[in-house]
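Down below is the structure, laid out as structure tokens.
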Amino acid sequence: MFDIDEDRFEALVVEALEQIPEALQDLMVNVALFIEDEPPAEEPHLLGLYDGIPLTERGDNYAGALPDRIMIFRKPILAICDNEDDVIREVRITVVHEIAHHFGIDDDRLDQLGYA
């Protein structure tokens, strides 16, 4: 396990977000990203979680909905990392993985693309 403080971890998440192509960032509608220390108790090994309605499933009656939420879980990511380079890689993979869910890409396809 590698440990970094919350501010550095947040900076790594921001860097990962900034690496998302601007054209895709512009398409991210009604979504908010949060950093949490721990995932839900029933899923302690999650690194991230997307909670919302993917863009591909939003119909004409999609209006007034609360923002989708992307959560990145700091402690489980740090638990599988040995150094800061590992953290940078895992944060980037996790951020891309959860954003992909916002765009309607499922886990099987993400696995094929190397973002499992």
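Scheme for the structure tokens: letters A, B, ... for chains in order shown; per-chain residue numbers from 1; ligand numbers from 1 in order shown.
Running DSSP on the backbone gives strand (DSSP E) for these residues within range 6-92 of chain A: A:Val31, A:Ala32, A:Leu33, A:Phe34, A:Ile35, A:Glu36, A:Gly48, A:Leu49, A:Tyr50, A:Asp51, A:Asp68, A:Arg69, A:Ile70, A:Met71, A:Ile72, A:Phe73.
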Output for the residues just chosen: all heavy atoms as a CSV table (one decimal), in the first residue's frame:
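Printed below is part27.csv as written:
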chain,number,residue,atom,x,y,z
A,31,VAL,N,-23.4,15.7,-14.9
A,31,VAL,CA,-22.6,14.7,-14.1
A,31,VAL,C,-21.6,15.4,-13.2
A,31,VAL,O,-21.1,16.5,-13.6
A,31,VAL,CB,-21.8,13.7,-15.1
A,31,VAL,CG1,-20.8,14.5,-16.0
A,31,VAL,CG2,-21.1,12.6,-14.3
A,32,ALA,N,-21.4,14.9,-12.0
A,32,ALA,CA,-20.5,15.5,-11.0
A,32,ALA,C,-19.6,14.4,-10.5
A,32,ALA,O,-20.0,13.2,-10.4
A,32,ALA,CB,-21.3,16.0,-9.8
A,33,LEU,N,-18.3,14.7,-10.3
A,33,LEU,CA,-17.3,13.8,-9.8
A,33,LEU,C,-17.0,14.1,-8.3
A,33,LEU,O,-16.8,15.2,-7.9
A,33,LEU,CB,-16.1,13.9,-10.6
A,33,LEU,CG,-15.1,12.8,-10.3
A,33,LEU,CD1,-14.5,12.2,-11.6
A,33,LEU,CD2,-13.9,13.3,-9.5
A,34,PHE,N,-16.9,13.0,-7.6
A,34,PHE,CA,-16.6,13.1,-6.1
A,34,PHE,C,-15.5,12.2,-5.8
A,34,PHE,O,-15.4,11.1,-6.4
A,34,PHE,CB,-17.8,12.7,-5.3
A,34,PHE,CG,-19.0,13.6,-5.5
A,34,PHE,CD1,-20.0,13.2,-6.5
A,34,PHE,CD2,-19.2,14.7,-4.8
A,34,PHE,CE1,-21.1,14.0,-6.7
A,34,PHE,CE2,-20.3,15.5,-5.0
A,34,PHE,CZ,-21.3,15.2,-6.0
A,35,ILE,N,-14.7,12.6,-4.8
A,35,ILE,CA,-13.6,11.7,-4.3
A,35,ILE,C,-14.1,11.3,-2.9
A,35,ILE,O,-14.4,12.2,-2.0
A,35,ILE,CB,-12.3,12.4,-4.2
A,35,ILE,CG1,-11.9,12.8,-5.7
A,35,ILE,CG2,-11.2,11.5,-3.6
A,35,ILE,CD1,-10.7,13.7,-5.7
A,36,GLU,N,-14.1,10.0,-2.6
A,36,GLU,CA,-14.5,9.5,-1.3
A,36,GLU,C,-13.4,8.7,-0.8
A,36,GLU,O,-12.6,8.1,-1.6
A,36,GLU,CB,-15.8,8.6,-1.4
A,36,GLU,CG,-17.0,9.3,-2.1
A,36,GLU,CD,-17.8,10.1,-1.1
A,36,GLU,OE1,-17.6,9.9,0.1
A,36,GLU,OE2,-18.5,11.0,-1.6
A,48,GLY,N,-14.0,2.7,-8.1
A,48,GLY,CA,-14.9,3.8,-8.5
A,48,GLY,C,-16.3,3.4,-8.8
A,48,GLY,O,-16.5,2.1,-8.8
A,49,LEU,N,-17.2,4.3,-8.9
A,49,LEU,CA,-18.6,3.9,-9.1
A,49,LEU,C,-19.3,5.0,-9.9
A,49,LEU,O,-19.1,6.2,-9.6
A,49,LEU,CB,-19.3,3.8,-7.8
A,49,LEU,CG,-20.7,3.4,-7.8
A,49,LEU,CD1,-20.9,2.0,-8.4
A,49,LEU,CD2,-21.3,3.4,-6.4
A,50,TYR,N,-20.0,4.6,-10.9
A,50,TYR,CA,-20.9,5.5,-11.7
A,50,TYR,C,-22.3,5.3,-11.2
A,50,TYR,O,-22.8,4.1,-11.2
A,50,TYR,CB,-20.8,5.3,-13.2
A,50,TYR,CG,-21.8,6.0,-14.0
A,50,TYR,CD1,-21.7,7.4,-14.2
A,50,TYR,CD2,-22.9,5.4,-14.5
A,50,TYR,CE1,-22.6,8.1,-14.9
A,50,TYR,CE2,-23.8,6.1,-15.3
A,50,TYR,CZ,-23.7,7.4,-15.4
A,50,TYR,OH,-24.6,8.1,-16.2
A,51,ASP,N,-23.0,6.3,-10.8
A,51,ASP,CA,-24.4,6.2,-10.4
A,51,ASP,C,-25.2,7.3,-11.2
A,51,ASP,O,-25.1,8.5,-11.0
A,51,ASP,CB,-24.5,6.5,-8.9
A,51,ASP,CG,-25.9,6.5,-8.4
A,51,ASP,OD1,-26.7,5.7,-8.9
A,51,ASP,OD2,-26.2,7.2,-7.4
A,68,ASP,N,-25.8,12.9,-12.5
A,68,ASP,CA,-25.1,11.6,-12.3
A,68,ASP,C,-23.9,11.8,-11.4
A,68,ASP,O,-23.4,12.9,-11.4
A,68,ASP,CB,-24.6,11.1,-13.7
A,68,ASP,CG,-25.8,10.7,-14.6
A,68,ASP,OD1,-26.9,10.9,-14.3
A,68,ASP,OD2,-25.4,10.3,-15.7
A,69,ARG,N,-23.5,10.8,-10.7
A,69,ARG,CA,-22.4,10.9,-9.8
A,69,ARG,C,-21.3,9.9,-10.2
A,69,ARG,O,-21.6,8.7,-10.4
A,69,ARG,CB,-22.8,10.7,-8.4
A,69,ARG,CG,-23.8,11.7,-7.9
A,69,ARG,CD,-24.2,11.5,-6.4
A,69,ARG,NE,-24.4,10.1,-6.1
A,69,ARG,CZ,-24.1,9.6,-4.8
A,69,ARG,NH1,-23.7,10.4,-3.9
A,69,ARG,NH2,-24.3,8.4,-4.6
A,70,ILE,N,-20.1,10.4,-10.3
A,70,ILE,CA,-19.0,9.5,-10.5
A,70,ILE,C,-18.2,9.6,-9.2
A,70,ILE,O,-17.8,10.7,-8.8
A,70,ILE,CB,-18.1,9.9,-11.7
A,70,ILE,CG1,-18.8,9.6,-13.0
A,70,ILE,CG2,-16.7,9.2,-11.6
A,70,ILE,CD1,-18.1,10.1,-14.2
A,71,MET,N,-17.9,8.5,-8.5
A,71,MET,CA,-17.2,8.5,-7.3
A,71,MET,C,-15.9,7.7,-7.5
A,71,MET,O,-15.9,6.6,-8.0
A,71,MET,CB,-18.0,7.9,-6.2
A,71,MET,CG,-19.2,8.8,-5.8
A,71,MET,SD,-20.5,7.9,-5.0
A,71,MET,CE,-21.3,7.1,-6.3
A,72,ILE,N,-14.8,8.3,-7.0
A,72,ILE,CA,-13.5,7.7,-7.1
A,72,ILE,C,-13.1,7.5,-5.6
A,72,ILE,O,-13.1,8.4,-4.8
A,72,ILE,CB,-12.4,8.7,-7.7
A,72,ILE,CG1,-12.9,9.1,-9.1
A,72,ILE,CG2,-11.1,8.0,-7.8
A,72,ILE,CD1,-13.2,8.0,-10.1
A,73,PHE,N,-12.7,6.2,-5.3
A,73,PHE,CA,-12.5,5.8,-3.9
A,73,PHE,C,-11.0,5.8,-3.6
A,73,PHE,O,-10.3,4.9,-4.2
A,73,PHE,CB,-13.2,4.5,-3.6
A,73,PHE,CG,-14.7,4.5,-3.9
A,73,PHE,CD1,-15.2,3.8,-4.8
A,73,PHE,CD2,-15.5,5.4,-3.1
A,73,PHE,CE1,-16.6,3.8,-5.1
A,73,PHE,CE2,-16.8,5.5,-3.4
A,73,PHE,CZ,-17.4,4.7,-4.3
Need the shell around Glu57 in chain A: protein/DNA/RNA residues with any atom at most 10 Å away, counting only C-alpha atoms. Skip same-chain ones fewer than 6 positions apart. Format as a list in words?
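Near neighbours after the sequence-gap exclusion: His102, Phe103 and Gly104 of chain A.
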Residue subset to file, keeping C-alpha atoms, as a short mmCIF file (atom, residue, chain, number, x, y, z; two decimals), in the first residue's frame:
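New file part-v6.cif:
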data_model
loop_
_atom_site.label_atom_id
_atom_site.label_comp_id
_atom_site.auth_asym_id
_atom_site.auth_seq_id
_atom_site.Cartn_x
_atom_site.Cartn_y
_atom_site.Cartn_z
CA HIS A 102 -21.61 7.86 -18.34
CA PHE A 103 -21.33 7.39 -22.12
CA GLY A 104 -23.05 4.00 -21.93
#
With only C-alpha atoms as the counted atoms, please give the residues lying no more than 10 Å from Arg92 in chain A, apart from itself and same-chain residues fewer than 3 positions off, as a PyMOL selection string.
chain A and resi 12-17+19-20+86-89+95-97+115
Please write the residues from the selection above to a file, keeping C-alpha atoms, as a JSON list (two decimals), in the first residue's frame.
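Result file follows (result_23.json):
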[["chain", "number", "residue", "atom", "x", "y", "z"],
["A", 12, "LEU", "CA", -4.16, 13.28, -9.63],
["A", 13, "VAL", "CA", -7.90, 12.93, -10.26],
["A", 14, "VAL", "CA", -7.99, 16.42, -11.76],
["A", 15, "GLU", "CA", -5.01, 15.55, -13.97],
["A", 16, "ALA", "CA", -6.79, 12.40, -15.14],
["A", 17, "LEU", "CA", -9.90, 14.44, -15.98],
["A", 19, "GLN", "CA", -6.45, 14.12, -20.06],
["A", 20, "ILE", "CA", -9.95, 13.31, -21.30],
["A", 86, "ASP", "CA", 0.93, 3.07, -9.71],
["A", 87, "VAL", "CA", -1.51, 5.57, -8.17],
["A", 88, "ILE", "CA", -1.37, 7.80, -11.25],
["A", 89, "ARG", "CA", -2.10, 4.80, -13.50],
["A", 95, "VAL", "CA", -11.61, 7.91, -14.01],
["A", 96, "VAL", "CA", -11.78, 6.79, -17.66],
["A", 97, "HIS", "CA", -13.72, 3.65, -16.66],
["A", 115, "TYR", "CA", -9.98, -0.33, -18.59]]
List every residue of chain A that DSSP, applied to the backbone of this structure, places in alpha helix (DSSP H), and write the result as a PyMOL selection string.
chain A and resi 6-18+22-27+74-79+84-102+107-113
Contact residues around Arg74 in chain A with only C-alpha atoms at 8 Å, ignoring same-chain residues under 2 positions, as a PyMOL selection string
chain A and resi 9+35-38+47+72+76-78
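The smallest atom-to-atom distance between His45 in chain A and any of A:Asn30, A:Asp108, A:Pro21, A:Ala79, using only C-alpha atoms, is found for A:Ala79.
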